Amino acid sequence: MDISEKQLADKIAELNPRRGEVYLVKIIDAQGYEQKGNDDDERLAVVVSNNQQNEKKNIIVIVPLSSKVKKIYPFQVATFFQGKPGKAKCEQVRAITIERFRAKLGELTEKEMNEIEEKLVFVLRLESLIKRKVQAIVQKYLKLSKL
């Protein structure tokens with residue numbers, strides 16, 4: 001269903017994506033093993049970008065959700081959304097425009113979001129950054145304790 005530019009602008013004005021919320025989003029450009037949508041090119045996705053970025057309503061970072069749970073890989077998170085088991089496919093994290101958002105359907109639990117954060121650290125290989133930050137904090141604390 002095509003909508004006018006005014007209808008789209010009105011719909012975007014109503015949207016206020018927040019981290020952890022699940023939306024139906026339009027994914028029309030998926031190729032190969034990338035997550036595709038249903039027959040209408042729509043699929044569930046959870047917002048993972050920070051709320052400061054989300055308030056700009058330009059680019060939102062999402063992780064696609066899948067209802068196929070035959071196997072959950074080390075970079076995926078088991079979810080239970082709207083009474084159904086599923087998984088967050090953290091290896092397919094991507095940025096999309098707000099125009100792709102169709103409808104808010106709910107949100108994941110804090111536990112599920114914490115697990116998604118951990119998997120994104122793994123997928124994006126941010127362990128060394130976290131280690132450096134922790135070391136800097138410890139060094140600062142040790143210097144302060146010598147005073």
# chains A, B, ... in the order shown; residues from 1 in each chain; ligands from 1
$ residues_around --residues "Leu120 in chain A" --least-positions-apart "2" --cutoff "10 Å" --atoms "only C-alpha atoms" --output "PDB file with N, CA and C atoms, in the first residue's frame"
ATOM      1  N   VAL A  48      17.982  -1.132  18.926  1.00  0.00           N
ATOM      2  CA  VAL A  48      19.153  -1.256  19.799  1.00  0.00           C
ATOM      3  C   VAL A  48      19.965   0.030  19.900  1.00  0.00           C
ATOM      4  N   VAL A  63      18.014  -4.839  15.386  1.00  0.00           N
ATOM      5  CA  VAL A  63      18.400  -6.239  15.259  1.00  0.00           C
ATOM      6  C   VAL A  63      17.141  -6.989  14.835  1.00  0.00           C
ATOM      7  N   PHE A  75      25.965 -16.034  18.703  1.00  0.00           N
ATOM      8  CA  PHE A  75      25.800 -14.600  18.493  1.00  0.00           C
ATOM      9  C   PHE A  75      24.324 -14.214  18.391  1.00  0.00           C
ATOM     10  N   GLN A  76      23.437 -15.111  18.821  1.00  0.00           N
ATOM     11  CA  GLN A  76      22.003 -14.860  18.817  1.00  0.00           C
ATOM     12  C   GLN A  76      21.450 -14.981  20.232  1.00  0.00           C
ATOM     13  N   LYS A  89      18.630 -11.912  15.987  1.00  0.00           N
ATOM     14  CA  LYS A  89      19.762 -12.257  15.117  1.00  0.00           C
ATOM     15  C   LYS A  89      20.778 -11.112  15.154  1.00  0.00           C
ATOM     16  N   CYS A  90      21.555 -11.079  16.245  1.00  0.00           N
ATOM     17  CA  CYS A  90      22.490  -9.976  16.489  1.00  0.00           C
ATOM     18  C   CYS A  90      23.544  -9.843  15.399  1.00  0.00           C
ATOM     19  N   GLU A  91      23.858 -10.926  14.731  1.00  0.00           N
ATOM     20  CA  GLU A  91      24.843 -10.869  13.648  1.00  0.00           C
ATOM     21  C   GLU A  91      24.317 -10.082  12.451  1.00  0.00           C
ATOM     22  N   GLN A  92      23.022  -9.761  12.447  1.00  0.00           N
ATOM     23  CA  GLN A  92      22.438  -9.020  11.334  1.00  0.00           C
ATOM     24  C   GLN A  92      22.027  -7.600  11.740  1.00  0.00           C
ATOM     25  N   VAL A  93      22.705  -7.066  12.755  1.00  0.00           N
ATOM     26  CA  VAL A  93      22.447  -5.693  13.179  1.00  0.00           C
ATOM     27  C   VAL A  93      22.599  -4.770  11.974  1.00  0.00           C
ATOM     28  N   ASN A 114      19.712  -7.051  27.782  1.00  0.00           N
ATOM     29  CA  ASN A 114      21.068  -7.204  28.318  1.00  0.00           C
ATOM     30  C   ASN A 114      21.830  -8.271  27.545  1.00  0.00           C
ATOM     31  N   GLU A 115      21.170  -9.367  27.228  1.00  0.00           N
ATOM     32  CA  GLU A 115      21.820 -10.429  26.462  1.00  0.00           C
ATOM     33  C   GLU A 115      22.144  -9.971  25.048  1.00  0.00           C
ATOM     34  N   ILE A 116      21.255  -9.189  24.450  1.00  0.00           N
ATOM     35  CA  ILE A 116      21.518  -8.647  23.111  1.00  0.00           C
ATOM     36  C   ILE A 116      22.736  -7.731  23.148  1.00  0.00           C
ATOM     37  N   GLU A 117      22.837  -6.886  24.180  1.00  0.00           N
ATOM     38  CA  GLU A 117      24.011  -6.019  24.319  1.00  0.00           C
ATOM     39  C   GLU A 117      25.292  -6.842  24.365  1.00  0.00           C
ATOM     40  N   GLU A 118      25.283  -7.920  25.156  1.00  0.00           N
ATOM     41  CA  GLU A 118      26.466  -8.788  25.258  1.00  0.00           C
ATOM     42  C   GLU A 118      26.824  -9.402  23.909  1.00  0.00           C
ATOM     43  N   PHE A 122      30.197  -8.950  21.274  1.00  0.00           N
ATOM     44  CA  PHE A 122      30.889 -10.067  20.618  1.00  0.00           C
ATOM     45  C   PHE A 122      30.904  -9.884  19.101  1.00  0.00           C
ATOM     46  N   VAL A 123      29.739  -9.612  18.521  1.00  0.00           N
ATOM     47  CA  VAL A 123      29.622  -9.483  17.056  1.00  0.00           C
ATOM     48  C   VAL A 123      30.482  -8.331  16.535  1.00  0.00           C
ATOM     49  N   LEU A 124      30.486  -7.222  17.245  1.00  0.00           N
ATOM     50  CA  LEU A 124      31.229  -6.037  16.803  1.00  0.00           C
ATOM     51  C   LEU A 124      32.656  -5.991  17.338  1.00  0.00           C
ATOM     52  N   ARG A 125      33.027  -7.030  18.062  1.00  0.00           N
ATOM     53  CA  ARG A 125      34.370  -7.186  18.638  1.00  0.00           C
ATOM     54  C   ARG A 125      34.792  -5.961  19.451  1.00  0.00           C
ATOM     55  N   LEU A 126      33.966  -5.640  20.435  1.00  0.00           N
ATOM     56  CA  LEU A 126      34.221  -4.471  21.272  1.00  0.00           C
ATOM     57  C   LEU A 126      34.851  -4.828  22.616  1.00  0.00           C
TER      58      LEU A 126
END
$ residues_around --residues "Arg19 in chain A" --least-positions-apart "5" --cutoff "10 Å" --atoms "only C-alpha atoms" --output "MDAnalysis selection string"
chainID A and resid 46:54 60:62 107:108 113
$ atom_distance --atom1 "CA of Ser67 in chain A" --atom2 "CA of Thr97 in chain A"
23.5 Å
$ select_by_dssp --residues "chain A" --states "helix (DSSP H, G or I)" --output "JSON, numbers by chain"
{"A": [5, 6, 7, 8, 9, 10, 11, 12, 13, 14, 51, 52, 53, 54, 90, 91, 92, 98, 99, 100, 110, 111, 112, 113, 114, 115, 116, 117, 118, 119, 120, 121, 122, 123, 127, 128, 129, 130, 131, 132, 133, 134, 135, 136, 137, 138, 139, 140, 141, 142, 143, 144, 145]}
$ closest_residue --among "A:Arg18, A:Lys6, A:Arg43, A:Lys71" --to "Arg102 in chain A" --atoms "only C-alpha atoms"
A:Arg43
$ atom_distance --atom1 "CA of Ile98 in chain A" --atom2 "CA of Lys11 in chain A"
9.8 Å
$ residues_around --residues "Phe101 in chain A" --least-positions-apart "4" --cutoff "9 Å" --atoms "only C-alpha atoms" --output "mmCIF file with N, CA and C atoms, in the first residue's frame"
data_model
loop_
_atom_site.group_PDB
_atom_site.id
_atom_site.type_symbol
_atom_site.label_atom_id
_atom_site.label_comp_id
_atom_site.auth_asym_id
_atom_site.auth_seq_id
_atom_site.Cartn_x
_atom_site.Cartn_y
_atom_site.Cartn_z
ATOM 1 N N ILE A 12 5.568 9.315 10.752
ATOM 2 C CA ILE A 12 6.892 9.479 11.364
ATOM 3 C C ILE A 12 6.789 10.359 12.603
ATOM 4 N N LEU A 15 5.744 8.302 15.487
ATOM 5 C CA LEU A 15 6.703 7.304 15.949
ATOM 6 C C LEU A 15 7.705 7.919 16.905
ATOM 7 N N PRO A 17 10.594 5.725 18.406
ATOM 8 C CA PRO A 17 11.264 4.461 18.751
ATOM 9 C C PRO A 17 12.194 4.617 19.945
ATOM 10 N N TYR A 23 9.356 -3.398 16.666
ATOM 11 C CA TYR A 23 8.556 -2.799 15.592
ATOM 12 C C TYR A 23 8.447 -3.756 14.420
ATOM 13 N N LEU A 24 7.392 -3.563 13.663
ATOM 14 C CA LEU A 24 7.286 -4.170 12.349
ATOM 15 C C LEU A 24 7.976 -3.184 11.410
ATOM 16 N N VAL A 25 8.997 -3.649 10.680
ATOM 17 C CA VAL A 25 9.750 -2.772 9.787
ATOM 18 C C VAL A 25 9.759 -3.353 8.386
ATOM 19 N N LYS A 26 9.918 -2.485 7.415
ATOM 20 C CA LYS A 26 9.939 -2.901 6.007
ATOM 21 C C LYS A 26 11.389 -3.129 5.585
ATOM 22 N N ILE A 96 18.584 1.440 9.765
ATOM 23 C CA ILE A 96 17.533 1.692 8.773
ATOM 24 C C ILE A 96 16.939 3.075 9.029
ATOM 25 N N THR A 97 16.283 3.610 8.025
ATOM 26 C CA THR A 97 15.650 4.914 8.176
ATOM 27 C C THR A 97 14.298 4.750 8.870
#
$ closest_residue --among "A:Tyr73, A:Lys84, A:Gln135, A:Thr79" --to "Glu110 in chain A" --atoms "only C-alpha atoms"
A:Thr79
$ atom_distance --atom1 "CA of Leu44 in chain A" --atom2 "CA of Ile28 in chain A"
13.3 Å
$ select_by_dssp --residues "chain A" --states "strand (DSSP E or B)" --output "ChimeraX atom specification"
/A:21-26,42-47,59-66,76-81,84-89,94-97,101-107
$ write_last_selection --atoms "C-alpha atoms" --output "mmCIF file, in the first residue's frame"
data_model
loop_
_atom_site.group_PDB
_atom_site.id
_atom_site.type_symbol
_atom_site.label_atom_id
_atom_site.label_comp_id
_atom_site.auth_asym_id
_atom_site.auth_seq_id
_atom_site.Cartn_x
_atom_site.Cartn_y
_atom_site.Cartn_z
ATOM 1 C CA GLU A 21 10.961 -1.691 21.572
ATOM 2 C CA VAL A 22 9.864 -4.131 18.883
ATOM 3 C CA TYR A 23 8.556 -2.799 15.592
ATOM 4 C CA LEU A 24 7.286 -4.170 12.349
ATOM 5 C CA VAL A 25 9.750 -2.772 9.787
ATOM 6 C CA LYS A 26 9.939 -2.901 6.007
ATOM 7 C CA GLU A 42 7.908 -6.689 6.685
ATOM 8 C CA ARG A 43 9.537 -8.303 9.705
ATOM 9 C CA LEU A 44 9.941 -7.816 13.438
ATOM 10 C CA ALA A 45 12.994 -5.962 14.715
ATOM 11 C CA VAL A 46 14.133 -4.625 18.070
ATOM 12 C CA VAL A 47 15.590 -1.129 18.405
ATOM 13 C CA ILE A 59 18.667 6.456 11.317
ATOM 14 C CA ILE A 60 17.692 3.784 13.841
ATOM 15 C CA VAL A 61 19.850 0.723 14.576
ATOM 16 C CA ILE A 62 17.880 -2.524 14.780
ATOM 17 C CA VAL A 63 18.400 -6.239 15.259
ATOM 18 C CA PRO A 64 16.016 -8.465 13.273
ATOM 19 C CA LEU A 65 13.910 -10.994 15.159
ATOM 20 C CA SER A 66 13.093 -14.456 13.866
ATOM 21 C CA GLN A 76 22.003 -14.860 18.817
ATOM 22 C CA VAL A 77 19.643 -14.410 21.768
ATOM 23 C CA ALA A 78 16.573 -16.481 22.601
ATOM 24 C CA THR A 79 13.477 -14.285 22.948
ATOM 25 C CA PHE A 80 9.871 -14.755 23.984
ATOM 26 C CA PHE A 81 7.694 -12.104 22.371
ATOM 27 C CA LYS A 84 5.965 -17.002 21.038
ATOM 28 C CA PRO A 85 9.578 -18.200 21.201
ATOM 29 C CA GLY A 86 12.019 -16.580 18.815
ATOM 30 C CA LYS A 87 15.519 -15.218 18.544
ATOM 31 C CA ALA A 88 17.314 -11.940 18.015
ATOM 32 C CA LYS A 89 19.762 -12.257 15.117
ATOM 33 C CA ARG A 94 21.773 -2.866 10.751
ATOM 34 C CA ALA A 95 20.787 0.759 10.486
ATOM 35 C CA ILE A 96 17.533 1.692 8.773
ATOM 36 C CA THR A 97 15.650 4.914 8.176
ATOM 37 C CA PHE A 101 9.033 1.588 10.560
ATOM 38 C CA ARG A 102 5.433 0.410 10.319
ATOM 39 C CA ALA A 103 4.033 -0.254 13.807
ATOM 40 C CA LYS A 104 5.177 -0.669 17.392
ATOM 41 C CA LEU A 105 4.240 -4.122 18.671
ATOM 42 C CA GLY A 106 5.721 -4.136 22.171
ATOM 43 C CA GLU A 107 9.118 -4.484 23.778
#
$ decode --residues "range 41-86 of chain A" --atoms "N, CA and C atoms" --output "tab-separated table (two decimals), in the first residue's frame"
chain	number	residue	atom	x	y	z
A	41	ASP	N	7.26	-7.83	2.71
A	41	ASP	CA	8.61	-7.33	2.99
A	41	ASP	C	8.71	-6.72	4.39
A	42	GLU	N	7.87	-7.20	5.32
A	42	GLU	CA	7.91	-6.69	6.68
A	42	GLU	C	8.39	-7.78	7.64
A	43	ARG	N	9.07	-7.35	8.69
A	43	ARG	CA	9.54	-8.30	9.70
A	43	ARG	C	9.65	-7.59	11.04
A	44	LEU	N	9.76	-8.38	12.11
A	44	LEU	CA	9.94	-7.82	13.44
A	44	LEU	C	11.41	-7.46	13.65
A	45	ALA	N	11.63	-6.37	14.37
A	45	ALA	CA	12.99	-5.96	14.71
A	45	ALA	C	12.94	-5.21	16.04
A	46	VAL	N	14.02	-5.34	16.80
A	46	VAL	CA	14.13	-4.63	18.07
A	46	VAL	C	15.10	-3.46	17.90
A	47	VAL	N	14.75	-2.32	18.46
A	47	VAL	CA	15.59	-1.13	18.41
A	47	VAL	C	16.74	-1.30	19.40
A	48	VAL	N	17.98	-1.13	18.93
A	48	VAL	CA	19.15	-1.26	19.80
A	48	VAL	C	19.96	0.03	19.90
A	49	SER	N	19.65	1.02	19.07
A	49	SER	CA	20.38	2.28	19.16
A	49	SER	C	19.94	3.05	20.41
A	50	ASN	N	20.81	3.98	20.84
A	50	ASN	CA	20.51	4.74	22.06
A	50	ASN	C	19.37	5.72	21.80
A	51	ASN	N	18.66	6.06	22.86
A	51	ASN	CA	17.47	6.91	22.72
A	51	ASN	C	17.80	8.34	22.28
A	52	GLN	N	19.00	8.82	22.59
A	52	GLN	CA	19.41	10.15	22.13
A	52	GLN	C	19.45	10.16	20.60
A	53	GLN	N	20.02	9.12	20.02
A	53	GLN	CA	20.06	9.00	18.56
A	53	GLN	C	18.65	8.79	18.01
A	54	ASN	N	17.87	7.96	18.69
A	54	ASN	CA	16.52	7.64	18.21
A	54	ASN	C	15.63	8.87	18.14
A	55	GLU	N	15.84	9.83	19.05
A	55	GLU	CA	15.01	11.04	19.07
A	55	GLU	C	15.18	11.87	17.80
A	56	LYS	N	16.32	11.73	17.12
A	56	LYS	CA	16.54	12.48	15.87
A	56	LYS	C	15.64	11.98	14.75
A	57	LYS	N	15.15	10.72	14.89
A	57	LYS	CA	14.23	10.10	13.93
A	57	LYS	C	14.79	10.06	12.51
A	58	ASN	N	16.09	9.83	12.39
A	58	ASN	CA	16.69	9.68	11.07
A	58	ASN	C	17.07	8.22	10.85
A	59	ILE	N	18.16	7.82	11.45
A	59	ILE	CA	18.67	6.46	11.32
A	59	ILE	C	18.52	5.76	12.66
A	60	ILE	N	17.92	4.58	12.63
A	60	ILE	CA	17.69	3.78	13.84
A	60	ILE	C	18.41	2.45	13.64
A	61	VAL	N	19.14	2.00	14.66
A	61	VAL	CA	19.85	0.72	14.58
A	61	VAL	C	18.94	-0.36	15.16
A	62	ILE	N	18.79	-1.44	14.39
A	62	ILE	CA	17.88	-2.52	14.78
A	62	ILE	C	18.58	-3.88	14.70
A	63	VAL	N	18.01	-4.84	15.39
A	63	VAL	CA	18.40	-6.24	15.26
A	63	VAL	C	17.14	-6.99	14.84
A	64	PRO	N	17.19	-7.71	13.72
A	64	PRO	CA	16.02	-8.46	13.27
A	64	PRO	C	15.68	-9.60	14.24
A	65	LEU	N	14.39	-9.87	14.35
A	65	LEU	CA	13.91	-10.99	15.16
A	65	LEU	C	13.40	-12.08	14.23
A	66	SER	N	13.53	-13.32	14.66
A	66	SER	CA	13.09	-14.46	13.87
A	66	SER	C	12.29	-15.41	14.75
A	67	SER	N	11.32	-16.06	14.15
A	67	SER	CA	10.53	-17.06	14.88
A	67	SER	C	11.09	-18.46	14.69
A	68	LYS	N	12.12	-18.58	13.86
A	68	LYS	CA	12.74	-19.89	13.62
A	68	LYS	C	13.81	-20.13	14.68
A	69	VAL	N	13.54	-21.04	15.61
A	69	VAL	CA	14.44	-21.25	16.74
A	69	VAL	C	15.03	-22.66	16.77
A	70	LYS	N	15.06	-23.32	15.62
A	70	LYS	CA	15.62	-24.67	15.57
A	70	LYS	C	17.02	-24.69	16.18
A	71	LYS	N	17.82	-23.68	15.86
A	71	LYS	CA	19.17	-23.56	16.41
A	71	LYS	C	19.43	-22.10	16.75
A	72	ILE	N	20.02	-21.89	17.94
A	72	ILE	CA	20.40	-20.54	18.33
A	72	ILE	C	21.92	-20.51	18.43
A	73	TYR	N	22.54	-19.71	17.57
A	73	TYR	CA	23.98	-19.61	17.50
A	73	TYR	C	24.52	-18.74	18.63
A	74	PRO	N	25.84	-18.81	18.89
A	74	PRO	CA	26.44	-18.05	20.01
A	74	PRO	C	26.27	-16.53	19.89
A	75	PHE	N	25.96	-16.03	18.70
A	75	PHE	CA	25.80	-14.60	18.49
A	75	PHE	C	24.32	-14.21	18.39
A	76	GLN	N	23.44	-15.11	18.82
A	76	GLN	CA	22.00	-14.86	18.82
A	76	GLN	C	21.45	-14.98	20.23
A	77	VAL	N	20.26	-14.41	20.45
A	77	VAL	CA	19.64	-14.41	21.77
A	77	VAL	C	18.23	-14.99	21.66
A	78	ALA	N	17.93	-15.94	22.53
A	78	ALA	CA	16.57	-16.48	22.60
A	78	ALA	C	15.64	-15.40	23.13
A	79	THR	N	14.47	-15.27	22.52
A	79	THR	CA	13.48	-14.28	22.95
A	79	THR	C	12.13	-14.97	23.13
A	80	PHE	N	11.25	-14.30	23.83
A	80	PHE	CA	9.87	-14.76	23.98
A	80	PHE	C	9.02	-13.50	23.85
A	81	PHE	N	8.42	-13.34	22.67
A	81	PHE	CA	7.69	-12.10	22.37
A	81	PHE	C	6.27	-12.43	21.95
A	82	GLN	N	5.33	-11.76	22.55
A	82	GLN	CA	3.91	-11.96	22.28
A	82	GLN	C	3.52	-13.44	22.39
A	83	GLY	N	4.06	-14.10	23.42
A	83	GLY	CA	3.70	-15.48	23.69
A	83	GLY	C	4.34	-16.51	22.78
A	84	LYS	N	5.33	-16.09	21.99
A	84	LYS	CA	5.97	-17.00	21.04
A	84	LYS	C	7.48	-16.98	21.20
A	85	PRO	N	8.11	-18.17	21.16
A	85	PRO	CA	9.58	-18.20	21.20
A	85	PRO	C	10.16	-17.68	19.89
A	86	GLY	N	11.34	-17.10	19.99
A	86	GLY	CA	12.02	-16.58	18.82
A	86	GLY	C	13.47	-16.34	19.14
